[in-house]
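Q: Handing over run.pdb, PDB, N, CA and C atoms.
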```
ATOM      1  N   MET A   1      -4.885   3.728  -9.642
ATOM      2  CA  MET A   1      -6.248   3.396  -9.975
ATOM      3  C   MET A   1      -7.166   4.311  -9.158
ATOM      4  N   THR A   2      -8.142   4.864  -9.784
ATOM      5  CA  THR A   2      -9.044   5.774  -9.106
ATOM      6  C   THR A   2     -10.154   5.009  -8.416
ATOM      7  N   LEU A   3     -10.911   5.711  -7.592
ATOM      8  CA  LEU A   3     -12.023   5.095  -6.879
ATOM      9  C   LEU A   3     -13.057   4.569  -7.858
ATOM     10  N   ASN A   4     -13.322   5.315  -8.925
ATOM     11  CA  ASN A   4     -14.285   4.847  -9.925
ATOM     12  C   ASN A   4     -13.792   3.569 -10.597
ATOM     13  N   GLY A   5     -12.499   3.489 -10.826
ATOM     14  CA  GLY A   5     -11.933   2.291 -11.433
ATOM     15  C   GLY A   5     -12.054   1.087 -10.513
ATOM     16  N   ILE A   6     -11.825   1.315  -9.230
ATOM     17  CA  ILE A   6     -11.945   0.225  -8.262
ATOM     18  C   ILE A   6     -13.390  -0.236  -8.167
ATOM     19  N   LEU A   7     -14.314   0.728  -8.097
ATOM     20  CA  LEU A   7     -15.727   0.363  -8.014
ATOM     21  C   LEU A   7     -16.182  -0.365  -9.268
ATOM     22  N   ALA A   8     -15.683   0.044 -10.417
ATOM     23  CA  ALA A   8     -16.035  -0.630 -11.659
ATOM     24  C   ALA A   8     -15.458  -2.034 -11.698
ATOM     25  N   LEU A   9     -14.283  -2.200 -11.112
ATOM     26  CA  LEU A   9     -13.644  -3.504 -11.070
ATOM     27  C   LEU A   9     -14.499  -4.499 -10.284
ATOM     28  N   PHE A  10     -15.043  -4.062  -9.166
ATOM     29  CA  PHE A  10     -15.877  -4.931  -8.341
ATOM     30  C   PHE A  10     -17.350  -4.808  -8.676
ATOM     31  N   ASN A  11     -17.683  -3.972  -9.657
ATOM     32  CA  ASN A  11     -19.058  -3.778 -10.095
ATOM     33  C   ASN A  11     -19.959  -3.359  -8.930
ATOM     34  N   LEU A  12     -19.487  -2.379  -8.144
ATOM     35  CA  LEU A  12     -20.251  -1.872  -7.014
ATOM     36  C   LEU A  12     -20.941  -0.571  -7.394
ATOM     37  N   GLY A  13     -22.192  -0.474  -7.017
ATOM     38  CA  GLY A  13     -22.939   0.754  -7.244
ATOM     39  C   GLY A  13     -22.972   1.595  -5.981
ATOM     40  N   THR A  14     -23.653   2.713  -6.050
ATOM     41  CA  THR A  14     -23.742   3.630  -4.916
ATOM     42  C   THR A  14     -24.432   2.974  -3.730
ATOM     43  N   GLY A  15     -25.477   2.242  -3.975
ATOM     44  CA  GLY A  15     -26.217   1.583  -2.896
ATOM     45  C   GLY A  15     -25.359   0.583  -2.143
ATOM     46  N   GLU A  16     -24.594  -0.210  -2.880
ATOM     47  CA  GLU A  16     -23.742  -1.200  -2.242
ATOM     48  C   GLU A  16     -22.651  -0.542  -1.415
ATOM     49  N   VAL A  17     -22.090   0.542  -1.927
ATOM     50  CA  VAL A  17     -21.041   1.250  -1.192
ATOM     51  C   VAL A  17     -21.608   1.831   0.105
ATOM     52  N   ILE A  18     -22.803   2.386   0.058
ATOM     53  CA  ILE A  18     -23.438   2.947   1.259
ATOM     54  C   ILE A  18     -23.684   1.847   2.289
ATOM     55  N   VAL A  19     -24.140   0.686   1.850
ATOM     56  CA  VAL A  19     -24.378  -0.426   2.776
ATOM     57  C   VAL A  19     -23.064  -0.886   3.403
ATOM     58  N   ILE A  20     -22.008  -0.982   2.616
ATOM     59  CA  ILE A  20     -20.705  -1.404   3.138
ATOM     60  C   ILE A  20     -20.190  -0.405   4.165
ATOM     61  N   VAL A  21     -20.292   0.885   3.871
ATOM     62  CA  VAL A  21     -19.843   1.928   4.808
ATOM     63  C   VAL A  21     -20.666   1.879   6.092
ATOM     64  N   ALA A  22     -21.969   1.662   5.983
ATOM     65  CA  ALA A  22     -22.834   1.568   7.167
ATOM     66  C   ALA A  22     -22.440   0.374   8.024
ATOM     67  N   ILE A  23     -22.154  -0.758   7.404
ATOM     68  CA  ILE A  23     -21.751  -1.945   8.163
ATOM     69  C   ILE A  23     -20.425  -1.708   8.876
ATOM     70  N   ILE A  24     -19.493  -1.056   8.185
ATOM     71  CA  ILE A  24     -18.197  -0.752   8.806
ATOM     72  C   ILE A  24     -18.393   0.175  10.000
ATOM     73  N   LEU A  25     -19.246   1.175   9.849
ATOM     74  CA  LEU A  25     -19.520   2.084  10.971
ATOM     75  C   LEU A  25     -20.156   1.351  12.147
ATOM     76  N   LEU A  26     -21.062   0.424  11.867
ATOM     77  CA  LEU A  26     -21.697  -0.332  12.943
ATOM     78  C   LEU A  26     -20.703  -1.259  13.648
ATOM     79  N   LEU A  27     -19.808  -1.865  12.889
ATOM     80  CA  LEU A  27     -18.861  -2.800  13.484
ATOM     81  C   LEU A  27     -17.783  -2.106  14.294
ATOM     82  N   PHE A  28     -17.240  -1.018  13.777
ATOM     83  CA  PHE A  28     -16.084  -0.392  14.404
ATOM     84  C   PHE A  28     -16.402   0.913  15.128
ATOM     85  N   GLY A  29     -17.463   1.583  14.776
ATOM     86  CA  GLY A  29     -17.779   2.860  15.395
ATOM     87  C   GLY A  29     -16.985   3.996  14.777
ATOM     88  N   GLY A  30     -17.470   5.200  14.944
ATOM     89  CA  GLY A  30     -16.849   6.370  14.332
ATOM     90  C   GLY A  30     -15.486   6.719  14.896
ATOM     91  N   ARG A  31     -15.241   6.362  16.147
ATOM     92  CA  ARG A  31     -13.967   6.719  16.776
ATOM     93  C   ARG A  31     -12.843   5.781  16.389
ATOM     94  N   LYS A  32     -13.165   4.558  16.077
ATOM     95  CA  LYS A  32     -12.142   3.559  15.788
ATOM     96  C   LYS A  32     -11.637   3.635  14.344
ATOM     97  N   ILE A  33     -12.439   4.164  13.439
ATOM     98  CA  ILE A  33     -12.084   4.187  12.013
ATOM     99  C   ILE A  33     -10.815   4.990  11.743
ATOM    100  N   PRO A  34     -10.623   6.191  12.331
ATOM    101  CA  PRO A  34      -9.360   6.901  12.077
ATOM    102  C   PRO A  34      -8.128   6.109  12.517
ATOM    103  N   GLU A  35      -8.252   5.374  13.635
ATOM    104  CA  GLU A  35      -7.140   4.543  14.084
ATOM    105  C   GLU A  35      -6.861   3.430  13.082
ATOM    106  N   LEU A  36      -7.912   2.832  12.552
ATOM    107  CA  LEU A  36      -7.747   1.772  11.563
ATOM    108  C   LEU A  36      -7.080   2.307  10.296
ATOM    109  N   MET A  37      -7.499   3.473   9.844
ATOM    110  CA  MET A  37      -6.916   4.059   8.641
ATOM    111  C   MET A  37      -5.461   4.451   8.869
ATOM    112  N   ARG A  38      -5.153   4.946  10.065
ATOM    113  CA  ARG A  38      -3.775   5.302  10.393
ATOM    114  C   ARG A  38      -2.895   4.051  10.362
ATOM    115  N   GLY A  39      -3.401   2.975  10.950
ATOM    116  CA  GLY A  39      -2.661   1.712  10.922
ATOM    117  C   GLY A  39      -2.482   1.180   9.512
ATOM    118  N   LEU A  40      -3.515   1.324   8.696
ATOM    119  CA  LEU A  40      -3.428   0.887   7.305
ATOM    120  C   LEU A  40      -2.378   1.706   6.555
ATOM    121  N   GLY A  41      -2.357   3.009   6.796
ATOM    122  CA  GLY A  41      -1.364   3.879   6.156
ATOM    123  C   GLY A  41       0.052   3.515   6.567
ATOM    124  N   LYS A  42       0.256   3.219   7.854
ATOM    125  CA  LYS A  42       1.582   2.816   8.319
ATOM    126  C   LYS A  42       1.983   1.490   7.690
ATOM    127  N   GLY A  43       1.028   0.594   7.538
ATOM    128  CA  GLY A  43       1.320  -0.693   6.915
ATOM    129  C   GLY A  43       1.736  -0.544   5.459
ATOM    130  N   VAL A  44       1.034   0.315   4.734
ATOM    131  CA  VAL A  44       1.372   0.554   3.326
ATOM    132  C   VAL A  44       2.749   1.203   3.222
ATOM    133  N   LYS A  45       3.026   2.152   4.108
ATOM    134  CA  LYS A  45       4.326   2.824   4.100
ATOM    135  C   LYS A  45       5.444   1.828   4.393
ATOM    136  N   SER A  46       5.224   0.953   5.354
ATOM    137  CA  SER A  46       6.210  -0.051   5.700
ATOM    138  C   SER A  46       6.433  -1.027   4.548
ATOM    139  N   PHE A  47       5.368  -1.399   3.872
ATOM    140  CA  PHE A  47       5.478  -2.303   2.728
ATOM    141  C   PHE A  47       6.286  -1.661   1.609
ATOM    142  N   LYS A  48       6.006  -0.400   1.302
ATOM    143  CA  LYS A  48       6.749   0.297   0.256
ATOM    144  C   LYS A  48       8.222   0.429   0.627
ATOM    145  N   GLN A  49       8.493   0.707   1.903
ATOM    146  CA  GLN A  49       9.875   0.825   2.359
ATOM    147  C   GLN A  49      10.591  -0.515   2.200
ATOM    148  N   GLY A  50       9.922  -1.601   2.541
ATOM    149  CA  GLY A  50      10.505  -2.919   2.376
ATOM    150  C   GLY A  50      10.774  -3.246   0.919
ATOM    151  N   MET A  51       9.852  -2.870   0.051
ATOM    152  CA  MET A  51      10.055  -3.106  -1.381
ATOM    153  C   MET A  51      11.252  -2.318  -1.901
ATOM    154  N   ASN A  52      11.413  -1.074  -1.439
ATOM    155  CA  ASN A  52      12.559  -0.258  -1.846
ATOM    156  C   ASN A  52      13.870  -0.860  -1.350
ATOM    157  N   GLU A  53      13.873  -1.422  -0.124
ATOM    158  CA  GLU A  53      15.075  -2.045   0.404
ATOM    159  C   GLU A  53      15.453  -3.277  -0.420
ATOM    160  N   VAL A  54      14.459  -4.062  -0.796
ATOM    161  CA  VAL A  54      14.729  -5.244  -1.620
ATOM    162  C   VAL A  54      15.284  -4.824  -2.974
ATOM    163  N   GLU A  55      14.706  -3.784  -3.555
ATOM    164  CA  GLU A  55      15.185  -3.286  -4.848
ATOM    165  C   GLU A  55      16.626  -2.800  -4.738
ATOM    166  N   ASP A  56      16.949  -2.100  -3.654
ATOM    167  CA  ASP A  56      18.317  -1.626  -3.452
ATOM    168  C   ASP A  56      19.289  -2.791  -3.297
ATOM    169  N   GLU A  57      18.868  -3.828  -2.579
ATOM    170  CA  GLU A  57      19.724  -5.001  -2.398
ATOM    171  C   GLU A  57      19.961  -5.718  -3.724
ATOM    172  N   LEU A  58      18.958  -5.731  -4.585
ATOM    173  CA  LEU A  58      19.127  -6.373  -5.881
ATOM    174  C   LEU A  58      20.021  -5.565  -6.806
ATOM    175  N   LYS A  59      19.988  -4.248  -6.671
ATOM    176  CA  LYS A  59      20.810  -3.378  -7.521
ATOM    177  C   LYS A  59      22.261  -3.329  -7.048
ATOM    178  N   LYS A  60      22.504  -3.589  -5.768
ATOM    179  CA  LYS A  60      23.847  -3.464  -5.208
ATOM    180  C   LYS A  60      24.868  -4.351  -5.934
ATOM    181  N   PRO A  61      24.584  -5.646  -6.147
ATOM    182  CA  PRO A  61      25.579  -6.456  -6.870
ATOM    183  C   PRO A  61      25.812  -5.963  -8.299
ATOM    184  N   LEU A  62      24.796  -5.447  -8.945
ATOM    185  CA  LEU A  62      24.969  -4.925 -10.299
ATOM    186  C   LEU A  62      25.862  -3.698 -10.300
ATOM    187  N   ASP A  63      25.718  -2.844  -9.303
ATOM    188  CA  ASP A  63      26.562  -1.654  -9.206
ATOM    189  C   ASP A  63      28.017  -2.040  -8.948
ATOM    190  N   GLU A  64      28.226  -3.079  -8.138
ATOM    191  CA  GLU A  64      29.586  -3.512  -7.851
ATOM    192  C   GLU A  64      30.256  -4.100  -9.094
ATOM    193  N   LEU A  65      29.474  -4.744  -9.959
ATOM    194  CA  LEU A  65      30.030  -5.293 -11.188
ATOM    195  C   LEU A  65      30.414  -4.196 -12.183
ATOM    196  N   ASP A  66      29.688  -3.100 -12.159
ATOM    197  CA  ASP A  66      29.952  -2.002 -13.079
ATOM    198  C   ASP A  66      31.198  -1.208 -12.696
ATOM    199  N   LYS A  67      31.570  -1.208 -11.431
ATOM    200  CA  LYS A  67      32.746  -0.452 -10.977
ATOM    201  C   LYS A  67      34.031  -1.177 -11.380
ATOM    202  N   PRO A  68      34.991  -0.424 -11.929
ATOM    203  CA  PRO A  68      36.275  -1.074 -12.270
ATOM    204  C   PRO A  68      37.059  -1.376 -10.991
ATOM    205  N   ASP A  69      37.777  -2.503 -11.004
ATOM    206  CA  ASP A  69      38.600  -2.875  -9.851
ATOM    207  C   ASP A  69      39.862  -2.034  -9.847
ATOM    208  N   LYS A  70      40.225  -1.534  -8.674
ATOM    209  CA  LYS A  70      41.446  -0.741  -8.525
ATOM    210  C   LYS A  70      42.439  -1.568  -7.737
ATOM    211  N   LYS A  71      43.211  -2.356  -8.434
ATOM    212  CA  LYS A  71      44.241  -3.183  -7.787
ATOM    213  C   LYS A  71      45.606  -2.686  -8.239
ATOM    214  N   ASP A  72      46.198  -1.824  -7.456
ATOM    215  CA  ASP A  72      47.517  -1.260  -7.789
ATOM    216  C   ASP A  72      48.599  -1.940  -7.017
TER
END
```
Translate the structure described by the file into structure tokens.
A:
Amino acid sequence: MTLNGILALFNLGTGEVIVIVAIILLLFGGRKIPELMRGLGKGVKSFKQGMNEVEDELKKPLDELDKPDKKD
């Protein structure tokens, strides 16, 4: 989803976005924002990794069923 799509979803205009950004800058300051974004990026990466692990665990039993048993 693009930024325009997200803004359209919440029906935000340019003025509202500027006010939100100004409030964030006032609350956290310019130096803290990169740290927050870095933490957010690590969180998203960790979430995606967890989702991939769950998907692999769900596929594992299916793969074992597809393999023929070798009982000689």
Q: Please, what distance in Å, to one decimal, runs between atom CA of Ile20 of chain A and atom C of Lys42 of chain A?
A: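 Atom CA of Ile20 of chain A sits 23.3 Å away from atom C of Lys42 of chain A.
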Q: Can you work out the spacing between atom CA of Phe10 of chain A and atom CA of Ile23 of chain A in Å, to one decimal?
A: 17.8 Å
Q: For Val21 of chain A, which of A:Gly50, A:Ile33, A:Gly39, A:Lys59 is the closest residue, counting only C-alpha atoms?
A: A:Ile33
Q: One number please: atom CA of Leu62 of chain A to atom CA of Val44 of chain A, in Å, one decimal.
A: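 Computed distance, atom CA of Leu62 of chain A to atom CA of Val44 of chain A, equals 27.8 Å.
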Q: For segment 37-51 of chain A, take all atoms listed in the file, fit an axis-aligned box around them, add 5 Å to each of the six sides, then output centre and edge lengths in Å rounded to one decimal, as AutoDock Vina command-line options.
A:
```
--center_x 1.9 --center_y 1.0 --center_z 4.5 --size_x 28.8 --size_y 18.5 --size_z 22.9
```
